[in-house]
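Shown below: entry.pdb, with PDB, C-alpha atoms.
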```
ATOM      1  CA  MET A 218      26.436 118.058 -60.353  1.00  0.00           C
ATOM      2  CA  ARG A 219      25.826 121.796 -60.264  1.00  0.00           C
ATOM      3  CA  TYR A 220      27.790 125.027 -60.511  1.00  0.00           C
ATOM      4  CA  SER A 221      27.238 128.011 -58.251  1.00  0.00           C
ATOM      5  CA  ASP A 222      26.960 131.677 -59.195  1.00  0.00           C
ATOM      6  CA  VAL A 223      26.560 131.283 -62.969  1.00  0.00           C
ATOM      7  CA  THR A 224      26.820 134.359 -65.231  1.00  0.00           C
ATOM      8  CA  GLU A 225      25.986 134.679 -68.928  1.00  0.00           C
ATOM      9  CA  GLY A 226      28.402 136.389 -71.300  1.00  0.00           C
ATOM     10  CA  VAL A 227      29.536 136.693 -74.911  1.00  0.00           C
ATOM     11  CA  PHE A 228      32.729 134.998 -76.083  1.00  0.00           C
ATOM     12  CA  LEU A 229      35.211 137.348 -77.770  1.00  0.00           C
ATOM     13  CA  GLU A 230      38.502 135.480 -78.218  1.00  0.00           C
ATOM     14  CA  ARG A 231      40.812 132.804 -76.830  1.00  0.00           C
ATOM     15  CA  PRO A 232      44.354 134.178 -76.634  1.00  0.00           C
ATOM     16  CA  ASN A 233      45.696 130.793 -75.498  1.00  0.00           C
ATOM     17  CA  ARG A 234      44.458 127.351 -74.403  1.00  0.00           C
ATOM     18  CA  PHE A 235      43.799 128.422 -70.829  1.00  0.00           C
ATOM     19  CA  ILE A 236      42.336 131.905 -71.174  1.00  0.00           C
ATOM     20  CA  ALA A 237      39.358 133.494 -72.937  1.00  0.00           C
ATOM     21  CA  ARG A 238      38.144 137.050 -73.192  1.00  0.00           C
ATOM     22  CA  VAL A 239      34.416 137.342 -72.451  1.00  0.00           C
ATOM     23  CA  ARG A 240      32.035 140.313 -72.309  1.00  0.00           C
ATOM     24  CA  THR A 241      29.597 140.316 -69.396  1.00  0.00           C
ATOM     25  CA  GLY A 242      27.316 143.364 -69.410  1.00  0.00           C
ATOM     26  CA  ASP A 243      29.551 146.400 -69.848  1.00  0.00           C
ATOM     27  CA  GLU A 244      32.695 144.605 -68.712  1.00  0.00           C
ATOM     28  CA  THR A 245      35.277 142.561 -70.582  1.00  0.00           C
ATOM     29  CA  SER A 246      36.991 139.932 -68.451  1.00  0.00           C
ATOM     30  CA  LEU A 247      39.698 137.333 -68.782  1.00  0.00           C
ATOM     31  CA  VAL A 248      38.300 133.950 -67.728  1.00  0.00           C
ATOM     32  CA  HIS A 249      39.765 130.487 -67.310  1.00  0.00           C
ATOM     33  CA  VAL A 250      38.943 127.868 -69.946  1.00  0.00           C
ATOM     34  CA  PRO A 251      38.828 124.483 -68.128  1.00  0.00           C
ATOM     35  CA  ASN A 252      39.420 122.560 -71.347  1.00  0.00           C
ATOM     36  CA  THR A 253      42.715 122.344 -73.250  1.00  0.00           C
ATOM     37  CA  GLY A 254      41.030 120.842 -76.342  1.00  0.00           C
ATOM     38  CA  ARG A 255      40.615 122.860 -79.513  1.00  0.00           C
ATOM     39  CA  CYS A 256      36.858 123.539 -79.200  1.00  0.00           C
ATOM     40  CA  ARG A 257      37.141 125.484 -82.465  1.00  0.00           C
ATOM     41  CA  GLU A 258      33.571 124.748 -83.532  1.00  0.00           C
ATOM     42  CA  LEU A 259      32.311 125.999 -80.146  1.00  0.00           C
ATOM     43  CA  LEU A 260      34.433 128.983 -79.105  1.00  0.00           C
ATOM     44  CA  VAL A 261      33.421 131.290 -81.928  1.00  0.00           C
ATOM     45  CA  PRO A 262      33.353 135.077 -81.410  1.00  0.00           C
ATOM     46  CA  GLY A 263      29.849 136.264 -80.576  1.00  0.00           C
ATOM     47  CA  ARG A 264      28.663 132.982 -79.058  1.00  0.00           C
ATOM     48  CA  ARG A 265      26.729 133.025 -75.792  1.00  0.00           C
ATOM     49  CA  VAL A 266      28.676 131.402 -72.975  1.00  0.00           C
ATOM     50  CA  PHE A 267      28.115 130.663 -69.300  1.00  0.00           C
ATOM     51  CA  LEU A 268      30.653 131.334 -66.567  1.00  0.00           C
ATOM     52  CA  SER A 269      30.912 129.856 -63.072  1.00  0.00           C
ATOM     53  CA  LYS A 270      32.465 132.058 -60.420  1.00  0.00           C
ATOM     54  CA  SER A 271      35.535 130.608 -58.730  1.00  0.00           C
ATOM     55  CA  GLY A 272      35.492 130.421 -54.970  1.00  0.00           C
ATOM     56  CA  ASN A 273      39.235 131.067 -54.784  1.00  0.00           C
ATOM     57  CA  PRO A 274      39.918 134.779 -54.078  1.00  0.00           C
ATOM     58  CA  GLU A 275      43.616 134.330 -54.933  1.00  0.00           C
ATOM     59  CA  ARG A 276      42.972 133.312 -58.523  1.00  0.00           C
ATOM     60  CA  VAL A 277      43.816 135.820 -61.253  1.00  0.00           C
ATOM     61  CA  THR A 278      40.704 134.782 -63.219  1.00  0.00           C
ATOM     62  CA  LYS A 279      37.550 134.810 -61.111  1.00  0.00           C
ATOM     63  CA  TYR A 280      35.405 132.857 -63.600  1.00  0.00           C
ATOM     64  CA  ASP A 281      35.534 129.501 -65.394  1.00  0.00           C
ATOM     65  CA  LEU A 282      33.964 129.232 -68.843  1.00  0.00           C
ATOM     66  CA  VAL A 283      31.817 126.098 -68.434  1.00  0.00           C
ATOM     67  CA  ALA A 284      29.260 126.088 -71.263  1.00  0.00           C
ATOM     68  CA  VAL A 285      28.699 127.406 -74.790  1.00  0.00           C
ATOM     69  CA  VAL A 286      25.542 127.821 -76.863  1.00  0.00           C
ATOM     70  CA  LYS A 287      26.330 126.308 -80.260  1.00  0.00           C
ATOM     71  CA  GLU A 288      24.258 127.726 -83.107  1.00  0.00           C
ATOM     72  CA  ARG A 289      23.349 125.122 -85.746  1.00  0.00           C
ATOM     73  CA  ASP A 290      21.808 125.239 -89.219  1.00  0.00           C
ATOM     74  CA  GLU A 291      19.475 122.395 -88.232  1.00  0.00           C
ATOM     75  CA  GLY A 292      18.086 121.388 -84.858  1.00  0.00           C
ATOM     76  CA  GLY A 293      18.311 124.761 -83.139  1.00  0.00           C
ATOM     77  CA  PRO A 294      20.816 125.971 -80.529  1.00  0.00           C
ATOM     78  CA  LEU A 295      22.709 123.339 -78.546  1.00  0.00           C
ATOM     79  CA  LEU A 296      24.026 124.000 -75.031  1.00  0.00           C
ATOM     80  CA  VAL A 297      27.393 122.253 -74.619  1.00  0.00           C
ATOM     81  CA  ASN A 298      29.313 121.909 -71.366  1.00  0.00           C
ATOM     82  CA  ILE A 299      33.069 122.220 -72.014  1.00  0.00           C
ATOM     83  CA  ASP A 300      34.414 121.778 -68.484  1.00  0.00           C
ATOM     84  CA  SER A 301      36.909 118.883 -68.723  1.00  0.00           C
ATOM     85  CA  GLN A 302      36.352 118.112 -65.015  1.00  0.00           C
ATOM     86  CA  ALA A 303      32.590 117.728 -65.401  1.00  0.00           C
ATOM     87  CA  PRO A 304      32.544 114.274 -67.079  1.00  0.00           C
ATOM     88  CA  ASN A 305      34.396 112.599 -64.188  1.00  0.00           C
ATOM     89  CA  ARG A 306      32.265 114.342 -61.584  1.00  0.00           C
ATOM     90  CA  ALA A 307      29.019 113.468 -63.352  1.00  0.00           C
ATOM     91  CA  ALA A 308      30.172 109.905 -64.070  1.00  0.00           C
ATOM     92  CA  GLY A 309      31.191 109.406 -60.436  1.00  0.00           C
ATOM     93  CA  GLU A 310      27.737 110.492 -59.249  1.00  0.00           C
ATOM     94  CA  TRP A 311      26.047 108.266 -61.840  1.00  0.00           C
ATOM     95  CA  LEU A 312      28.163 105.203 -61.074  1.00  0.00           C
ATOM     96  CA  ARG A 313      27.607 105.520 -57.333  1.00  0.00           C
ATOM     97  CA  ARG A 314      23.838 105.814 -57.902  1.00  0.00           C
ATOM     98  CA  GLY A 315      23.834 102.458 -59.683  1.00  0.00           C
ATOM     99  CA  GLY A 316      24.376 103.640 -63.250  1.00  0.00           C
ATOM    100  CA  LEU A 317      26.212 100.923 -65.197  1.00  0.00           C
ATOM    101  CA  LEU A 318      27.211  99.116 -61.975  1.00  0.00           C
ATOM    102  CA  PRO A 319      25.163  96.877 -59.643  1.00  0.00           C
ATOM    103  CA  ALA A 320      23.707  98.565 -56.574  1.00  0.00           C
ATOM    104  CA  GLY A 321      26.141  98.387 -53.693  1.00  0.00           C
ATOM    105  CA  ALA A 322      29.263  98.230 -55.843  1.00  0.00           C
ATOM    106  CA  GLU A 323      32.354  99.812 -54.280  1.00  0.00           C
ATOM    107  CA  VAL A 324      33.657 102.611 -56.518  1.00  0.00           C
ATOM    108  CA  ARG A 325      37.061 104.259 -56.139  1.00  0.00           C
ATOM    109  CA  GLY A 326      38.545 107.058 -58.213  1.00  0.00           C
ATOM    110  CA  GLU A 327      41.973 107.445 -59.810  1.00  0.00           C
ATOM    111  CA  VAL A 328      43.400 103.922 -59.547  1.00  0.00           C
ATOM    112  CA  LYS A 329      46.717 102.950 -61.141  1.00  0.00           C
ATOM    113  CA  HIS A 330      47.071  99.609 -62.914  1.00  0.00           C
ATOM    114  CA  GLY A 331      49.962  98.601 -65.137  1.00  0.00           C
ATOM    115  CA  ASP A 332      51.275 101.710 -66.874  1.00  0.00           C
ATOM    116  CA  SER A 333      47.920 103.545 -66.773  1.00  0.00           C
ATOM    117  CA  ARG A 334      45.897 105.451 -64.213  1.00  0.00           C
ATOM    118  CA  PHE A 335      42.185 104.873 -64.756  1.00  0.00           C
ATOM    119  CA  ASP A 336      39.392 107.198 -63.665  1.00  0.00           C
ATOM    120  CA  PHE A 337      37.466 104.581 -61.671  1.00  0.00           C
ATOM    121  CA  TYR A 338      37.853 101.094 -60.225  1.00  0.00           C
ATOM    122  CA  ALA A 339      34.805  99.130 -59.073  1.00  0.00           C
ATOM    123  CA  GLU A 340      34.285  95.916 -57.139  1.00  0.00           C
ATOM    124  CA  HIS A 341      31.106  93.921 -56.618  1.00  0.00           C
ATOM    125  CA  GLY A 342      31.383  90.379 -55.300  1.00  0.00           C
ATOM    126  CA  ASP A 343      34.020  88.647 -57.388  1.00  0.00           C
ATOM    127  CA  LYS A 344      33.718  91.201 -60.216  1.00  0.00           C
ATOM    128  CA  ARG A 345      36.451  93.814 -60.633  1.00  0.00           C
ATOM    129  CA  ALA A 346      36.343  96.536 -63.261  1.00  0.00           C
ATOM    130  CA  PHE A 347      38.309  99.528 -64.523  1.00  0.00           C
ATOM    131  CA  ILE A 348      36.404 102.434 -66.077  1.00  0.00           C
ATOM    132  CA  GLU A 349      37.972 105.217 -68.117  1.00  0.00           C
ATOM    133  CA  VAL A 350      35.914 108.372 -68.774  1.00  0.00           C
ATOM    134  CA  LYS A 351      36.219 110.582 -71.853  1.00  0.00           C
ATOM    135  CA  GLY A 352      34.353 113.872 -72.193  1.00  0.00           C
ATOM    136  CA  VAL A 353      32.795 114.579 -75.589  1.00  0.00           C
ATOM    137  CA  THR A 354      32.183 118.165 -76.731  1.00  0.00           C
ATOM    138  CA  LEU A 355      32.378 117.727 -80.527  1.00  0.00           C
ATOM    139  CA  GLU A 356      29.093 117.441 -82.453  1.00  0.00           C
ATOM    140  CA  GLN A 357      28.504 117.494 -86.190  1.00  0.00           C
ATOM    141  CA  GLY A 358      25.106 116.949 -87.782  1.00  0.00           C
ATOM    142  CA  GLY A 359      23.673 115.193 -84.744  1.00  0.00           C
ATOM    143  CA  VAL A 360      26.716 112.931 -84.317  1.00  0.00           C
ATOM    144  CA  ALA A 361      28.898 113.163 -81.206  1.00  0.00           C
ATOM    145  CA  MET A 362      32.580 112.396 -81.798  1.00  0.00           C
ATOM    146  CA  PHE A 363      35.800 112.006 -79.826  1.00  0.00           C
ATOM    147  CA  PRO A 364      38.482 113.316 -79.845  1.00  0.00           C
ATOM    148  CA  ASP A 365      38.510 116.872 -81.216  1.00  0.00           C
ATOM    149  CA  ALA A 366      42.332 116.733 -81.391  1.00  0.00           C
ATOM    150  CA  PRO A 367      44.824 113.832 -81.621  1.00  0.00           C
ATOM    151  CA  THR A 368      45.327 112.094 -78.270  1.00  0.00           C
ATOM    152  CA  GLU A 369      48.036 109.484 -77.814  1.00  0.00           C
ATOM    153  CA  ARG A 370      47.139 109.418 -74.116  1.00  0.00           C
ATOM    154  CA  GLY A 371      43.592 108.375 -74.993  1.00  0.00           C
ATOM    155  CA  ALA A 372      44.815 105.487 -77.150  1.00  0.00           C
ATOM    156  CA  LYS A 373      47.188 104.427 -74.360  1.00  0.00           C
ATOM    157  CA  HIS A 374      44.269 104.204 -71.931  1.00  0.00           C
ATOM    158  CA  LEU A 375      42.390 101.973 -74.371  1.00  0.00           C
ATOM    159  CA  ARG A 376      45.355  99.634 -74.693  1.00  0.00           C
ATOM    160  CA  GLY A 377      45.582  99.541 -70.894  1.00  0.00           C
ATOM    161  CA  LEU A 378      41.904  98.579 -70.613  1.00  0.00           C
ATOM    162  CA  ALA A 379      42.373  95.805 -73.183  1.00  0.00           C
ATOM    163  CA  ALA A 380      45.352  94.482 -71.203  1.00  0.00           C
ATOM    164  CA  ALA A 381      43.243  94.507 -68.025  1.00  0.00           C
ATOM    165  CA  VAL A 382      40.595  92.363 -69.735  1.00  0.00           C
ATOM    166  CA  LYS A 383      43.278  89.790 -70.581  1.00  0.00           C
ATOM    167  CA  GLU A 384      44.166  89.706 -66.866  1.00  0.00           C
ATOM    168  CA  GLY A 385      40.573  88.840 -65.933  1.00  0.00           C
ATOM    169  CA  PHE A 386      39.168  92.278 -65.120  1.00  0.00           C
ATOM    170  CA  ASP A 387      36.083  93.841 -66.640  1.00  0.00           C
ATOM    171  CA  ALA A 388      36.808  97.117 -68.424  1.00  0.00           C
ATOM    172  CA  CYS A 389      34.786  99.949 -69.900  1.00  0.00           C
ATOM    173  CA  VAL A 390      35.439 103.221 -71.682  1.00  0.00           C
ATOM    174  CA  LEU A 391      32.603 105.616 -70.860  1.00  0.00           C
ATOM    175  CA  PHE A 392      32.111 108.525 -73.266  1.00  0.00           C
ATOM    176  CA  VAL A 393      30.227 111.290 -71.463  1.00  0.00           C
ATOM    177  CA  VAL A 394      28.559 113.386 -74.168  1.00  0.00           C
ATOM    178  CA  GLN A 395      28.434 116.858 -72.618  1.00  0.00           C
ATOM    179  CA  MET A 396      25.175 117.836 -74.312  1.00  0.00           C
ATOM    180  CA  LYS A 397      21.676 116.543 -75.066  1.00  0.00           C
ATOM    181  CA  GLY A 398      20.789 116.075 -78.716  1.00  0.00           C
ATOM    182  CA  PRO A 399      23.216 113.848 -80.668  1.00  0.00           C
ATOM    183  CA  ARG A 400      21.595 110.637 -81.902  1.00  0.00           C
ATOM    184  CA  LEU A 401      24.783 108.550 -82.051  1.00  0.00           C
ATOM    185  CA  PHE A 402      28.451 108.489 -81.132  1.00  0.00           C
ATOM    186  CA  ARG A 403      31.484 107.498 -83.163  1.00  0.00           C
ATOM    187  CA  PRO A 404      35.266 107.958 -82.978  1.00  0.00           C
ATOM    188  CA  ASN A 405      36.596 110.961 -84.885  1.00  0.00           C
ATOM    189  CA  ASP A 406      38.634 108.993 -87.413  1.00  0.00           C
ATOM    190  CA  ALA A 407      39.290 112.031 -89.615  1.00  0.00           C
ATOM    191  CA  THR A 408      41.133 113.815 -86.791  1.00  0.00           C
ATOM    192  CA  ASP A 409      42.721 110.854 -84.995  1.00  0.00           C
ATOM    193  CA  PRO A 410      42.580 107.559 -86.927  1.00  0.00           C
ATOM    194  CA  ALA A 411      44.954 105.937 -84.397  1.00  0.00           C
ATOM    195  CA  PHE A 412      42.450 106.516 -81.596  1.00  0.00           C
ATOM    196  CA  GLY A 413      39.624 105.122 -83.715  1.00  0.00           C
ATOM    197  CA  GLU A 414      41.585 101.966 -84.431  1.00  0.00           C
ATOM    198  CA  ALA A 415      42.598 101.623 -80.766  1.00  0.00           C
ATOM    199  CA  LEU A 416      38.927 101.911 -79.768  1.00  0.00           C
ATOM    200  CA  ARG A 417      37.891  99.188 -82.215  1.00  0.00           C
ATOM    201  CA  GLU A 418      40.738  96.936 -81.068  1.00  0.00           C
ATOM    202  CA  ALA A 419      39.758  97.477 -77.430  1.00  0.00           C
ATOM    203  CA  ARG A 420      36.160  96.575 -78.216  1.00  0.00           C
ATOM    204  CA  ARG A 421      37.257  93.396 -79.976  1.00  0.00           C
ATOM    205  CA  ALA A 422      39.364  92.576 -76.907  1.00  0.00           C
ATOM    206  CA  GLY A 423      36.283  92.747 -74.673  1.00  0.00           C
ATOM    207  CA  VAL A 424      36.321  96.347 -73.458  1.00  0.00           C
ATOM    208  CA  LYS A 425      32.779  97.704 -73.194  1.00  0.00           C
ATOM    209  CA  VAL A 426      32.217 100.938 -75.113  1.00  0.00           C
ATOM    210  CA  ILE A 427      29.379 103.066 -73.740  1.00  0.00           C
ATOM    211  CA  ALA A 428      28.259 106.590 -74.640  1.00  0.00           C
ATOM    212  CA  VAL A 429      25.883 108.479 -72.326  1.00  0.00           C
ATOM    213  CA  ASP A 430      24.503 111.954 -72.990  1.00  0.00           C
ATOM    214  CA  CYS A 431      23.746 114.598 -70.384  1.00  0.00           C
ATOM    215  CA  ALA A 432      20.948 117.020 -69.561  1.00  0.00           C
ATOM    216  CA  VAL A 433      22.900 120.288 -69.630  1.00  0.00           C
ATOM    217  CA  THR A 434      21.645 123.560 -68.156  1.00  0.00           C
ATOM    218  CA  PRO A 435      23.649 126.762 -67.496  1.00  0.00           C
ATOM    219  CA  ASP A 436      24.316 125.616 -63.916  1.00  0.00           C
TER
END
```
Using the file provided, produce a representation of the structure as structure tokens.
Amino acid sequence: MRYSDVTEGVFLERPNRFIARVRTGDETSLVHVPNTGRCRELLVPGRRVFLSKSGNPERVTKYDLVAVVKERDEGGPLLVNIDSQAPNRAAGEWLRRGGLLPAGAEVRGEVKHGDSRFDFYAEHGDKRAFIEVKGVTLEQGGVAMFPDAPTERGAKHLRGLAAAVKEGFDACVLFVVQMKGPRLFRPNDATDPAFGEALREARRAGVKVIAVDCAVTPD
């Protein structure tokens, strides 16, 4: 997946979850933040950011803040995509190219089952699978972690996947690490121990847990 019309800027502040103030050249603009997570370790005043121009002329904010350059004490700068829509788009492309699934598998998006709506449903022969995608933007010391804030919805999805396995489906939670560099992934137990326990229970129930990193560029 790619963005069009990408502009570099400097992050100044985030007045609320949806809006950031960014300096581009001599201008200061309000831009949309397509991520309602905390992103506190990323959206730090003075950080370099990348903006994608919206194609909607009626929008109040003409840019989306899609990536941040995270400065680190070790390992050098890390470019992190923070667009919460990007993981599903990238995962959809990957799955339909044969990533994770057999070639020729039918893949559909946004399928409801039980009391959950999962990101993808796939069929191949007599195999049927639900796949839930989670975007990962939190990195500490080379370790990618999810979530960056408590998420009851995330734990609910895991319980739904475990229930689907009991019904005879295959199920997978796919963590899309929105950066290239972390050497391993783990649940963020310090922030959300309930999610960590739900993930371990889902794995014991037969849900596949997969983490895939991404080659991230400004566009």
So what does the PyMOL selection byres ((chain A and resi 327) around 8) actually pick up in this one, as a count of residues only?
9
For His341 (chain A), which of A:Gly254, A:Pro319, A:Pro294, A:Pro399 is the closest residue, counting all atoms listed in the file?
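Of the candidates, the smallest distance to His341 (chain A) is held by A:Pro319.
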Pick from A:Pro435, A:Gly371, A:Gly413, A:Gly331 nearest to Glu384 (chain A), counting all atoms listed in the file
A:Gly331
Quick one: distance from CA of Lys383 (chain A) to CA of Ala322 (chain A) in Å, one decimal?
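CA of Lys383 (chain A) sits 22.0 Å away from CA of Ala322 (chain A).
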Nearest candidate to Asp365 (chain A) (options A:Arg257, A:Lys279, A:Lys344, A:Arg421; using all atoms listed in the file)
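Counting all atoms listed in the file, the residue closest to Asp365 (chain A) is A:Arg257.
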Long-range neighbours of Ser246 (chain A) as a list in words, 9 Å cut-off, all atoms listed in the file, 2 positions minimum in chain
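Surrounding residues, per the criterion: Ala237, Arg238, Val239, Arg240, Thr241, Glu244, Val248, Thr278, Lys279 and Tyr280 of chain A.
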Have a look at CA of Lys397 (chain A) and CA of Cys431 (chain A) and let me know their distance in Å, one decimal.
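So the two atoms, CA of Lys397 (chain A) and CA of Cys431 (chain A), lie 5.5 Å apart.
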Please identify all polymer residues within 7 Å of Val283 (chain A), counting all atoms listed in the file, omitting same-chain residues fewer than 6 positions from it, and present them as a PyMOL selection string.
chain A and resi 267-269+298-300
Just the number, please: distance in Å from CA of Pro367 (chain A) to CA of Val426 (chain A), one decimal.
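Taking CA of Pro367 (chain A) and CA of Val426 (chain A), their separation equals 19.2 Å.
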